[in-house]
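**Student:** Handing over data_17.txt, compact mmCIF, C-alpha atoms.
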# COMPACT_ATOMS: atom_id res chain seq x y z
CA MET A 1 -85.42 60.25 67.85
CA LEU A 2 -83.83 60.96 64.47
CA PHE A 3 -82.86 64.38 63.16
CA ALA A 4 -82.51 65.86 59.67
CA PRO A 5 -82.45 69.34 58.12
CA ALA A 6 -86.00 70.62 57.63
CA PRO A 7 -87.00 70.41 53.95
CA HIS A 8 -87.50 74.18 53.65
CA ILE A 9 -83.95 74.87 54.82
CA ASP A 10 -81.06 75.52 52.45
CA ALA A 11 -77.49 76.05 53.60
CA ALA A 12 -74.19 77.41 52.39
CA ARG A 13 -71.17 76.05 54.20
CA TRP A 14 -67.57 77.15 54.22
CA GLY A 15 -65.01 75.74 56.65
CA GLY A 16 -66.78 75.59 59.98
CA SER A 17 -69.39 78.23 59.17
CA CYS A 18 -72.92 77.70 58.01
CA VAL A 19 -75.43 80.22 56.67
CA ILE A 20 -78.94 78.92 56.31
CA PHE A 21 -81.95 80.16 54.37
CA ASP A 22 -85.43 79.39 55.65
CA ALA A 23 -87.69 79.33 52.60
CA GLU A 24 -90.81 79.46 54.78
CA SER A 25 -89.94 82.65 56.62
CA GLY A 26 -87.52 84.12 54.07
CA ASN A 27 -85.00 84.61 56.84
CA THR A 28 -81.27 84.08 56.55
CA HIS A 29 -79.23 83.08 59.60
CA LEU A 30 -75.53 82.78 60.33
CA LEU A 31 -75.27 79.86 62.73
CA ASP A 32 -72.74 79.76 65.53
CA GLU A 33 -69.88 77.31 65.48
CA TYR A 34 -71.73 74.57 67.33
CA ALA A 35 -74.92 74.73 65.32
CA SER A 36 -72.88 74.95 62.11
CA GLN A 37 -71.03 71.76 62.89
CA ILE A 38 -74.19 69.84 63.71
CA LEU A 39 -76.06 71.06 60.65
CA THR A 40 -73.07 70.22 58.45
CA ILE A 41 -73.16 66.65 59.77
CA LEU A 42 -76.88 66.40 59.06
CA PHE A 43 -76.58 67.76 55.51
CA GLU A 44 -73.68 65.47 54.69
CA ALA A 45 -75.45 62.41 56.11
CA ARG A 46 -78.34 62.56 53.64
CA GLU A 47 -80.43 60.47 56.06
CA PRO A 48 -81.80 61.19 59.52
CA LEU A 49 -79.36 60.63 62.37
CA SER A 50 -79.72 59.97 66.05
CA GLN A 51 -78.25 62.30 68.63
CA ALA A 52 -75.61 59.72 69.49
CA THR A 53 -74.57 59.33 65.86
CA ILE A 54 -74.35 63.10 65.48
CA PHE A 55 -72.12 63.30 68.53
CA SER A 56 -69.82 60.54 67.28
CA SER A 57 -69.61 62.27 63.87
CA LEU A 58 -68.25 65.49 65.34
CA PRO A 59 -64.62 66.32 64.52
CA ALA A 60 -62.20 64.87 67.05
CA GLU A 61 -61.38 68.29 68.45
CA ALA A 62 -65.05 69.06 69.13
CA ARG A 63 -65.58 65.67 70.82
CA ARG A 64 -62.80 66.54 73.26
CA THR A 65 -64.75 69.54 74.58
CA TRP A 66 -68.40 68.63 73.91
CA GLU A 67 -70.64 66.25 75.71
CA GLU A 68 -73.68 64.58 74.21
CA ALA A 69 -75.82 66.86 76.35
CA ASP A 70 -74.34 69.84 74.49
CA VAL A 71 -75.42 68.28 71.22
CA ALA A 72 -78.90 67.74 72.66
CA GLU A 73 -79.14 71.38 73.67
CA VAL A 74 -78.11 72.65 70.23
CA LEU A 75 -80.47 70.20 68.51
CA ASP A 76 -83.34 71.43 70.69
CA GLU A 77 -82.64 74.99 69.63
CA LEU A 78 -82.35 74.06 65.95
CA VAL A 79 -85.66 72.19 66.18
CA ARG A 80 -87.26 75.15 67.93
CA MET A 81 -86.07 77.47 65.16
CA GLY A 82 -87.51 75.10 62.55
CA ILE A 83 -84.10 74.44 61.02
CA VAL A 84 -83.99 70.77 61.99
CA ALA A 85 -86.88 68.35 61.84
CA HIS A 86 -87.14 65.30 64.05
CA GLN A 87 -88.95 62.00 63.81
CA HIS A 88 -89.25 58.94 65.95
CA ALA A 89 -86.84 56.16 65.05
CA MET B 90 -77.29 106.97 17.44
CA ILE B 91 -76.18 108.38 20.79
CA VAL B 92 -77.20 111.38 22.87
CA LEU B 93 -74.19 113.35 21.62
CA ASP B 94 -75.56 113.11 18.08
CA LEU B 95 -78.46 115.37 19.04
CA ASP B 96 -77.96 119.10 18.81
CA PRO B 97 -79.13 121.09 21.86
CA TYR B 98 -82.43 122.00 20.20
CA GLU B 99 -83.24 118.38 19.38
CA LEU B 100 -82.28 117.28 22.90
CA ARG B 101 -84.52 119.93 24.42
CA GLN B 102 -87.39 119.06 22.09
CA ARG B 103 -87.26 115.37 22.92
CA LEU B 104 -87.07 116.02 26.65
CA ALA B 105 -89.94 118.49 26.54
CA GLY B 106 -92.02 116.42 24.17
CA ARG B 107 -92.54 112.67 23.86
CA GLY B 108 -89.46 111.84 25.89
CA LEU B 109 -85.77 111.16 25.33
CA ARG B 110 -85.52 107.39 24.95
CA VAL B 111 -82.09 106.39 26.19
CA ARG B 112 -80.64 102.95 26.82
CA VAL B 113 -78.78 102.41 30.07
CA GLY B 114 -77.44 98.89 30.28
CA PRO B 115 -80.38 96.52 29.77
CA PHE B 116 -83.02 99.21 30.36
CA VAL B 117 -84.62 101.88 28.21
CA TYR B 118 -85.70 105.02 30.01
CA SER B 119 -88.01 107.58 28.50
CA ILE B 120 -87.00 110.82 30.21
CA ARG B 121 -89.23 113.87 29.98
CA SER B 122 -88.49 117.23 31.51
CA PRO B 123 -88.87 120.91 30.60
CA LEU B 124 -86.12 121.87 33.06
CA PRO B 125 -82.81 123.27 31.80
CA GLU B 126 -80.93 121.51 34.62
CA ILE B 127 -82.09 118.13 33.31
CA GLU B 128 -81.12 119.03 29.77
CA ALA B 129 -77.69 120.18 30.95
CA GLY B 130 -77.20 117.13 33.19
CA ILE B 131 -78.08 114.65 30.47
CA GLY B 132 -75.99 116.46 27.89
CA LEU B 133 -72.99 116.36 30.21
CA HIS B 134 -73.36 112.91 31.77
CA TYR B 135 -75.04 110.78 29.10
CA PRO B 136 -73.43 111.83 25.81
CA TRP B 137 -72.48 108.29 24.79
CA HIS B 138 -75.60 106.49 25.86
CA PRO B 139 -77.51 104.97 22.92
CA LEU B 140 -80.81 106.46 21.88
CA LYS B 141 -83.87 104.42 20.98
CA ASP B 142 -86.56 105.23 18.46
CA ASP B 143 -89.94 106.57 19.48
CA ASP B 144 -91.53 103.19 18.87
CA ALA B 145 -89.00 101.27 21.00
CA PHE B 146 -90.21 99.49 24.12
CA VAL B 147 -89.58 101.56 27.22
CA ASP B 148 -88.93 100.02 30.63
CA PHE B 149 -89.29 103.17 32.69
CA HIS B 150 -91.24 106.30 31.82
CA VAL B 151 -89.92 109.07 34.06
CA HIS B 152 -90.75 112.74 34.25
CA VAL B 153 -89.07 115.51 36.26
CA ASP B 154 -90.87 118.84 36.43
CA ARG B 155 -92.17 121.50 38.75
CA PRO B 156 -95.54 121.05 40.44
CA LYS B 157 -98.29 122.98 38.70
CA VAL B 158 -99.58 124.75 41.81
CA LEU B 159 -98.24 127.20 44.37
CA ARG B 160 -94.85 125.52 44.85
CA ARG B 161 -94.07 126.18 41.23
CA TRP B 162 -93.33 129.77 42.20
CA LEU B 163 -93.06 129.99 46.01
CA ARG B 164 -89.93 128.16 47.18
CA PRO B 165 -90.04 126.12 44.01
CA GLN B 166 -89.89 122.38 44.10
CA VAL B 167 -89.21 119.62 41.61
CA ARG B 168 -90.96 116.29 41.51
CA PHE B 169 -90.14 112.93 39.99
CA ARG B 170 -92.87 110.88 38.41
CA PHE B 171 -92.82 107.28 37.28
CA ASP B 172 -95.56 106.27 34.88
CA GLY B 173 -97.25 109.53 35.81
CA ASN B 174 -97.17 108.92 39.57
CA PRO B 175 -94.78 110.45 42.13
CA PRO B 176 -93.17 107.72 44.26
CA PHE B 177 -91.47 110.26 46.54
CA ASN B 178 -92.01 113.71 47.95
CA PRO B 179 -90.88 116.71 45.88
CA LEU B 180 -87.47 118.24 46.52
CA PRO B 181 -86.21 121.84 46.43
CA GLY B 182 -86.13 123.25 42.95
CA ASN B 183 -82.34 123.23 42.52
CA GLN B 184 -82.14 119.44 43.00
CA ALA B 185 -83.63 118.40 39.68
CA PHE B 186 -80.69 116.41 38.32
CA PRO B 187 -79.89 114.56 41.58
CA LEU B 188 -83.60 113.77 41.84
CA LEU B 189 -83.56 112.30 38.34
CA GLU B 190 -80.55 110.15 39.23
CA TRP B 191 -82.10 108.92 42.48
CA GLY B 192 -85.34 108.27 40.66
CA MET B 193 -83.59 106.28 37.95
CA ASN B 194 -81.94 104.15 40.66
CA TRP B 195 -85.31 103.62 42.30
CA CYS B 196 -86.84 102.45 39.02
CA VAL B 197 -84.34 99.61 38.85
CA SER B 198 -84.31 98.66 42.53
CA ALA B 199 -88.10 98.66 42.75
CA HIS B 200 -88.93 96.88 39.51
CA ALA B 201 -86.07 95.00 37.86
CA HIS B 202 -86.66 91.70 39.63
CA ARG B 203 -85.34 89.65 36.78
CA TRP B 204 -82.03 90.24 38.58
CA ILE B 205 -81.02 89.99 42.21
CA ILE B 206 -80.27 93.60 43.06
CA LEU B 207 -77.78 94.59 45.72
CA HIS B 208 -76.88 97.96 47.17
CA SER B 209 -73.30 97.79 45.99
CA ALA B 210 -70.85 99.42 43.65
CA VAL B 211 -69.50 97.16 40.92
CA LEU B 212 -66.41 97.52 38.73
CA GLU B 213 -64.69 95.07 36.44
CA ARG B 214 -61.07 94.30 35.68
CA ASP B 215 -59.75 91.61 33.34
CA GLY B 216 -63.10 89.92 33.16
CA ARG B 217 -63.83 89.77 36.90
CA CYS B 218 -66.17 91.94 38.91
CA LEU B 219 -65.35 93.72 42.12
CA LEU B 220 -68.35 94.22 44.38
CA LEU B 221 -68.20 96.94 47.02
CA PRO B 222 -71.26 96.45 49.23
CA ALA B 223 -71.44 99.16 51.84
CA PRO B 224 -73.87 101.60 53.42
CA SER B 225 -73.84 105.30 52.57
CA GLY B 226 -70.91 107.15 54.10
CA ALA B 227 -68.43 104.29 53.91
CA GLY B 228 -66.51 105.84 51.04
CA LYS B 229 -67.86 103.46 48.44
CA SER B 230 -68.64 106.03 45.74
CA THR B 231 -65.37 107.91 46.21
CA LEU B 232 -63.46 104.67 45.82
CA THR B 233 -65.61 103.70 42.84
CA ALA B 234 -64.93 106.98 41.07
CA ALA B 235 -61.20 106.68 41.71
CA LEU B 236 -61.03 103.10 40.47
CA MET B 237 -63.06 104.02 37.39
CA LEU B 238 -60.57 106.80 36.63
CA ARG B 239 -57.71 104.34 36.98
CA GLY B 240 -58.76 101.67 34.55
CA TRP B 241 -61.48 99.66 36.29
CA ARG B 242 -64.61 99.39 34.15
CA LEU B 243 -67.59 100.98 35.86
CA PHE B 244 -70.65 98.79 36.12
CA SER B 245 -72.46 100.90 38.71
CA ASP B 246 -71.74 103.02 41.76
CA GLU B 247 -74.96 101.96 43.44
CA LEU B 248 -76.63 98.81 42.12
CA ALA B 249 -75.25 95.32 41.52
CA LEU B 250 -77.47 93.38 39.11
CA ILE B 251 -76.86 89.65 39.45
CA ASP B 252 -78.33 87.16 37.01
CA PRO B 253 -79.73 84.45 39.31
CA GLY B 254 -79.10 81.75 36.74
CA SER B 255 -75.53 82.49 35.69
CA GLY B 256 -74.30 84.55 38.65
CA ARG B 257 -72.91 87.09 36.21
CA LEU B 258 -73.20 90.81 36.81
CA GLN B 259 -74.86 93.22 34.41
CA PRO B 260 -73.38 96.68 33.78
CA LEU B 261 -75.47 99.76 34.39
CA PRO B 262 -73.00 102.57 33.66
CA ARG B 263 -74.38 105.88 34.86
CA PRO B 264 -72.89 108.93 36.56
CA VAL B 265 -71.14 108.28 39.86
CA SER B 266 -72.71 110.27 42.66
CA LEU B 267 -70.31 112.03 45.02
CA LYS B 268 -71.10 113.80 48.26
CA ASN B 269 -69.52 116.61 50.23
CA GLN B 270 -65.70 116.40 50.56
CA SER B 271 -65.56 113.55 48.06
CA ILE B 272 -66.29 116.00 45.26
CA GLU B 273 -63.07 117.94 45.75
CA ILE B 274 -61.14 114.79 46.57
CA ILE B 275 -61.97 113.33 43.16
CA ARG B 276 -61.41 116.66 41.47
CA SER B 277 -57.90 116.72 42.97
CA PHE B 278 -57.35 113.02 42.31
CA ASP B 279 -57.93 113.38 38.59
CA SER B 280 -58.18 116.75 36.87
CA GLY B 281 -59.61 114.99 33.82
CA ALA B 282 -62.67 113.77 35.71
CA VAL B 283 -65.81 115.39 34.30
CA ILE B 284 -67.81 116.53 37.30
CA GLY B 285 -71.13 118.28 36.94
CA GLN B 286 -72.69 121.07 38.91
CA VAL B 287 -72.44 120.84 42.69
CA VAL B 288 -75.92 120.87 44.19
CA PRO B 289 -75.85 121.99 47.83
CA ASP B 290 -78.16 121.26 50.73
CA THR B 291 -79.61 117.98 49.63
CA LEU B 292 -80.54 115.35 52.22
CA LYS B 293 -77.11 113.86 51.60
CA GLY B 294 -75.31 117.21 51.73
CA SER B 295 -73.67 118.63 48.62
CA VAL B 296 -73.97 116.29 45.66
CA ALA B 297 -72.26 116.19 42.26
CA HIS B 298 -71.89 113.53 39.60
CA VAL B 299 -68.88 112.19 37.72
CA ARG B 300 -69.44 111.26 34.12
CA PRO B 301 -68.84 107.57 33.29
CA MET B 302 -66.03 106.82 30.85
CA ARG B 303 -67.01 106.52 27.20
CA GLU B 304 -65.53 103.04 26.78
CA HIS B 305 -67.48 101.81 29.80
CA VAL B 306 -70.75 103.03 28.36
CA MET B 307 -69.92 101.48 24.99
CA ARG B 308 -69.52 98.06 26.69
CA HIS B 309 -72.75 98.39 28.65
CA MET B 310 -74.02 94.99 27.51
CA VAL B 311 -70.84 93.04 28.35
CA ASP B 312 -71.46 91.23 31.61
CA ALA B 313 -68.85 89.48 33.78
CA PRO B 314 -68.60 86.98 36.64
CA PRO B 315 -67.82 87.98 40.23
CA GLY B 316 -64.25 87.96 41.40
CA TRP B 317 -63.99 89.94 44.63
CA ILE B 318 -66.32 91.10 47.36
CA VAL B 319 -64.65 93.90 49.28
CA VAL B 320 -66.34 95.81 52.08
CA PRO B 321 -64.78 99.28 52.13
CA GLU B 322 -64.62 101.69 54.98
CA TYR B 323 -63.02 105.11 54.93
CA MET B 324 -61.18 105.71 58.22
CA PRO B 325 -59.11 108.90 58.61
CA GLY B 326 -55.43 108.34 59.15
CA VAL B 327 -55.28 104.58 58.58
CA PRO B 328 -53.05 102.89 56.01
CA ALA B 329 -54.79 101.05 53.21
CA ARG B 330 -55.33 97.51 54.42
CA LEU B 331 -57.16 94.43 53.26
CA GLU B 332 -58.33 91.87 55.80
CA PRO B 333 -59.89 88.47 55.21
CA LEU B 334 -63.66 88.35 55.50
CA SER B 335 -65.26 84.97 56.08
CA LYS B 336 -67.49 83.79 53.29
CA ALA B 337 -70.29 83.28 55.77
CA GLN B 338 -70.08 86.92 56.83
CA ALA B 339 -69.85 88.00 53.19
CA LEU B 340 -73.05 86.10 52.36
CA MET B 341 -74.87 87.64 55.31
CA LEU B 342 -73.71 91.07 54.13
CA LEU B 343 -74.92 90.53 50.59
CA ALA B 344 -78.29 89.30 51.86
CA LYS B 345 -78.56 92.36 54.09
CA ASN B 346 -77.77 94.67 51.16
CA ALA B 347 -80.16 93.03 48.73
CA PHE B 348 -83.22 94.97 47.63
CA ASN B 349 -85.19 91.99 46.36
CA TYR B 350 -83.57 88.94 47.88
CA ASN B 351 -86.79 87.58 49.35
CA ILE B 352 -88.59 87.84 46.02
CA HIS B 353 -86.14 85.31 44.61
CA GLY B 354 -86.42 83.01 47.63
CA ARG B 355 -84.30 79.92 47.61
CA ALA B 356 -82.92 80.67 44.15
CA GLY B 357 -81.78 84.06 45.41
CA PHE B 358 -80.01 82.52 48.37
CA ARG B 359 -78.25 80.00 46.17
CA ALA B 360 -77.30 82.65 43.65
CA LEU B 361 -75.77 84.87 46.33
CA ALA B 362 -73.99 81.88 47.89
CA ASP B 363 -72.57 81.09 44.47
CA VAL B 364 -71.35 84.67 44.06
CA VAL B 365 -69.63 84.44 47.44
CA ASP B 366 -68.19 81.05 46.64
CA ARG B 367 -66.63 82.38 43.44
CA SER B 368 -65.20 85.49 45.06
CA GLN B 369 -62.35 86.48 47.31
CA CYS B 370 -64.00 88.09 50.32
CA LEU B 371 -62.23 90.93 52.07
CA SER B 372 -62.76 94.00 54.18
CA PHE B 373 -60.85 97.14 53.33
CA SER B 374 -60.00 100.25 55.31
CA TYR B 375 -58.28 103.29 53.86
CA SER B 376 -57.73 107.00 54.18
CA GLN B 377 -55.66 107.94 51.12
CA LEU B 378 -57.16 107.36 47.70
CA ASP B 379 -53.84 106.80 45.90
CA ASP B 380 -52.91 104.08 48.41
CA ALA B 381 -56.33 102.51 48.04
CA VAL B 382 -56.08 102.37 44.26
CA ALA B 383 -52.60 100.83 44.52
CA VAL B 384 -53.91 98.09 46.80
CA PHE B 385 -56.66 97.23 44.34
CA GLU B 386 -54.18 97.29 41.50
CA ARG B 387 -52.13 94.61 43.26
CA LEU B 388 -55.25 92.67 44.18
CA ALA B 389 -56.13 92.46 40.50
CA GLN B 390 -52.78 90.93 39.58
CA PRO B 391 -52.72 87.15 39.02
CA ALA B 392 -51.80 85.27 42.22
CA SER B 393 -48.16 84.31 42.67
CA GLY B 394 -47.36 80.64 43.35
CA GLU B 395 -45.18 81.51 46.38
CA ARG B 396 -46.65 80.52 49.72
CA VAL B 397 -46.59 83.30 52.28
CA HIS B 398 -46.32 82.54 55.96
CA GLY B 399 -47.42 84.87 58.66
CA ASP B 400 -50.07 85.77 61.09
CA ILE B 401 -52.69 87.14 58.70
CA PRO B 402 -55.90 86.90 60.69
CA GLY B 403 -58.83 85.12 59.12
CA PRO B 404 -61.04 82.05 59.09
CA SER B 405 -59.83 78.50 59.55
CA THR B 406 -57.28 77.50 56.96
CA THR B 407 -59.09 75.51 54.36
CA GLY B 408 -57.24 75.27 51.08
CA PHE B 409 -59.13 78.19 49.60
CA ASP B 410 -58.64 80.38 52.66
CA ARG B 411 -54.85 79.84 52.55
CA GLN B 412 -54.73 80.98 48.93
CA GLN B 413 -56.76 84.01 49.92
CA ALA B 414 -54.23 84.85 52.65
CA ASP B 415 -51.40 84.63 50.11
CA MET B 416 -53.10 87.10 47.80
CA LEU B 417 -53.87 89.44 50.68
CA ARG B 418 -50.26 89.55 51.72
CA ALA B 419 -49.16 90.21 48.12
CA ALA B 420 -51.71 92.97 47.65
CA THR B 421 -50.84 94.89 50.82
CA SER B 422 -47.05 94.46 50.83
Before we go any further, please render this structure as structure tokens.
**Tutor:**
Amino acid sequence: MLFAPAPHIDAARWGGSCVIFDAESGNTHLLDEYASQILTILFEAREPLSQATIFSSLPAEARRTWEEADVAEVLDELVRMGIVAHQHA
Amino acid sequence: MIVLDLDPYELRQRLAGRGLRVRVGPFVYSIRSPLPEIEAGIGLHYPWHPLKDDDAFVDFHVHVDRPKVLRRWLRPQVRFRFDGNPPFNPLPGNQAFPLLEWGMNWCVSAHAHRWIILHSAVLERDGRCLLLPAPSGAGKSTLTAALMLRGWRLFSDELALIDPGSGRLQPLPRPVSLKNQSIEIIRSFDSGAVIGQVVPDTLKGSVAHVRPMREHVMRHMVDAPPGWIVVPEYMPGVPARLEPLSKAQALMLLAKNAFNYNIHGRAGFRALADVVDRSQCLSFSYSQLDDAVAVFERLAQPASGERVHGDIPGPSTTGFDRQQADMLRAATS
């Protein structure tokens, strides 16, 4: 499975924080630290990434405390919210 | 020609007749009213606002008068009409001028979607705008009036108009609305402040208006970029203090205080994000107006090159955030 920001999502990022705008719903969300980091990786990648690649792209400090299952959980939530789209590899 | 150029008879005739066509920033209002309170309020608070000819395009046709039925005489009321229709309920008869001011704000916030409109005071200093987004009761208007009286150019005490293309802010200099204790606080702060009649028992308590400075009205078409976003909060007994505000929180706050953010969609989001990106973002608590003005005076000074160390709380130290901490320390020392 590969993941990328949904096309109707725009984001503003500063430091570790990410505010996203959902053009479909008109809603604006301030993401928590974990979701912000993952979405930042996806925006900077400019191509869909696998869960494993996302995990390995996390800052070293985050990789010390996260497991890949944590990334999976956050990705599930971001997909549920419509912020991240997924496709089969 | 400006309002002051009209003698009282001419002012009254225009208000009672085809309408007084007055420019306020980018908008032309046609104001009609037979009420002496409106005539007095406009004469006092809008003397330097430019007049437009009878054939000039008008953005907002507004009319303040008394209803023509029973409430004209029994516990009289006043009503505001826009293009002939009343968008709100009438108010008690002594609230004519505050009603006009609230109505004029509503005209912009409900219709002027060429701009992104925020519920925020705006002032300018040395070519940069200070935005003060805050709910009612936070001390925003009191602080705005004080800063205006101490050299900051008033853009608006209520509405920030942001050009979505350039991110620049548009002035809309009109009287600053004060409530309750703030009226006497500003009267004591500056004896030269021109404050109109105090109108008691409004929904917001006692209300009075401070006339905008002549030189601010004269520059009503000179826009400026954003420079600071400061969230003020009046707290009795506290020293004046600036604290860092994360840009993410600042953007959420601007979005929350936007009247027409969703109309602009993605472009609105990007425009607000750009405003935040270009601004120092801070929260501010204060109790004494003189201290507050002094803090803003230091904030407006160019940043020193000296690095300041210390435990200023704030977001993670990116390069920009560290510079922000330096300026905070300089402003509050």
**Student:** Compare A:Arg13, A:Arg80, A:Arg63, A:Arg46 by their minimum atom-to-atom distance to chain B, counting all atoms listed in the file, and give me the closest one.
**Tutor:**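 Nearest candidate to chain B out of A:Arg13, A:Arg80, A:Arg63, A:Arg46: A:Arg13.
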**Student:** Which residues of chain A come within 12 Å of chain B, and what is each one's closest atom pair and distance in Å (one decimal), counting only C-alpha atoms, sorted by chain and residue number, as a Markdown table?
**Tutor:**
| residue | atom | partner | partner_atom | distance |
| --- | --- | --- | --- | --- |
| A:Pro7 | CA | B:Arg355 | CA | 11.7 |
| A:His8 | CA | B:Arg355 | CA | 8.9 |
| A:Ile9 | CA | B:Arg355 | CA | 8.8 |
| A:Asp10 | CA | B:Arg355 | CA | 7.3 |
| A:Ala11 | CA | B:Arg359 | CA | 8.4 |
| A:Ala12 | CA | B:Ala362 | CA | 6.3 |
| A:Arg13 | CA | B:Ala337 | CA | 7.5 |
| A:Trp14 | CA | B:Lys336 | CA | 6.7 |
| A:Gly15 | CA | B:Thr407 | CA | 6.4 |
| A:Gly16 | CA | B:Ser405 | CA | 7.5 |
| A:Ser17 | CA | B:Ala337 | CA | 6.2 |
| A:Cys18 | CA | B:Ala337 | CA | 6.6 |
| A:Val19 | CA | B:Ala337 | CA | 6.0 |
| A:Ile20 | CA | B:Phe358 | CA | 8.8 |
| A:Phe21 | CA | B:Phe358 | CA | 6.7 |
| A:Asp22 | CA | B:Arg355 | CA | 8.1 |
| A:Ala23 | CA | B:Arg355 | CA | 6.1 |
| A:Glu24 | CA | B:Gly354 | CA | 9.1 |
| A:Ser25 | CA | B:Asn351 | CA | 9.3 |
| A:Gly26 | CA | B:Asn351 | CA | 5.9 |
| A:Asn27 | CA | B:Asn351 | CA | 8.3 |
| A:Thr28 | CA | B:Met341 | CA | 7.4 |
| A:His29 | CA | B:Met341 | CA | 7.6 |
| A:Leu30 | CA | B:Ala337 | CA | 7.0 |
| A:Leu31 | CA | B:Ala337 | CA | 9.2 |
| A:Asp32 | CA | B:Ala337 | CA | 10.7 |
| A:Glu33 | CA | B:Ala337 | CA | 11.4 |
| A:Ser36 | CA | B:Ala337 | CA | 10.8 |
**Student:** When distances are computed from only C-alpha atoms, which of B:Gly182, B:Pro224, B:Pro187, B:Gly254 shows the smallest separation from Ile205 of chain B?
**Tutor:**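 Of B:Gly182, B:Pro224, B:Pro187, B:Gly254, the one nearest Ile205 of chain B is B:Gly254, counting only C-alpha atoms.
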**Student:** Please work out which residues fall within 8 Å of (-68.9, 109.7, 19.2), coordinates as given in the file, with all atoms listed in the file counting, and return them as a ChimeraX atom specification.
**Tutor:** /B:91,93-94,137
**Student:** Using only C-alpha atoms for the distances, tell me which of B:Pro156, B:Gly132, B:Glu126, B:Tyr118 is nearest to Asp172 of chain B.
**Tutor:** B:Tyr118
**Student:** What's around segment 368-377 of chain B at 6 Å? Count all atoms listed in the file, leave out sequence neighbours fewer than 5 positions away in its own chain, and write the answer as a VMD selection string.
**Tutor:** chain B and resid 316 to 334
**Student:** What's the 9 Å shell around Leu78 of chain A, counting only C-alpha atoms, without same-chain residues fewer than 5 positions away, as a PDB file with C-alpha atoms, in the coordinates of the input?
**Tutor:**
ATOM      1  CA  ALA A  35     -74.920  74.730  65.320  1.00  0.00           C
ATOM      2  CA  LEU A  39     -76.060  71.060  60.650  1.00  0.00           C
ATOM      3  CA  GLU A  73     -79.140  71.380  73.670  1.00  0.00           C
ATOM      4  CA  ILE A  83     -84.100  74.440  61.020  1.00  0.00           C
ATOM      5  CA  VAL A  84     -83.990  70.770  61.990  1.00  0.00           C
ATOM      6  CA  ALA A  85     -86.880  68.350  61.840  1.00  0.00           C
TER       7      ALA A  85
END
**Student:** Write out as a list in words which residues come within 6 Å of segment 256-267 of chain B when counting all atoms listed in the file, dropping same-chain ones fewer than 4 positions away.
**Tutor:**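 Close residues of segment 256-267 of chain B: Gly114, Phe244, Ser245, Asp246, Leu250, Ile251, Asp252, Ser271, Ile272, Val296, Ala297, His298, Val299, Arg300, Pro301, Val306, His309, Asp312, Ala313 and Pro314 of chain B.
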**Student:** Distance atom CA of Ser198 of chain B-atom CA of Ala347 of chain B, one decimal place?
**Tutor:**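 We find that atom CA of Ser198 of chain B and atom CA of Ala347 of chain B lie 9.3 Å from each other.
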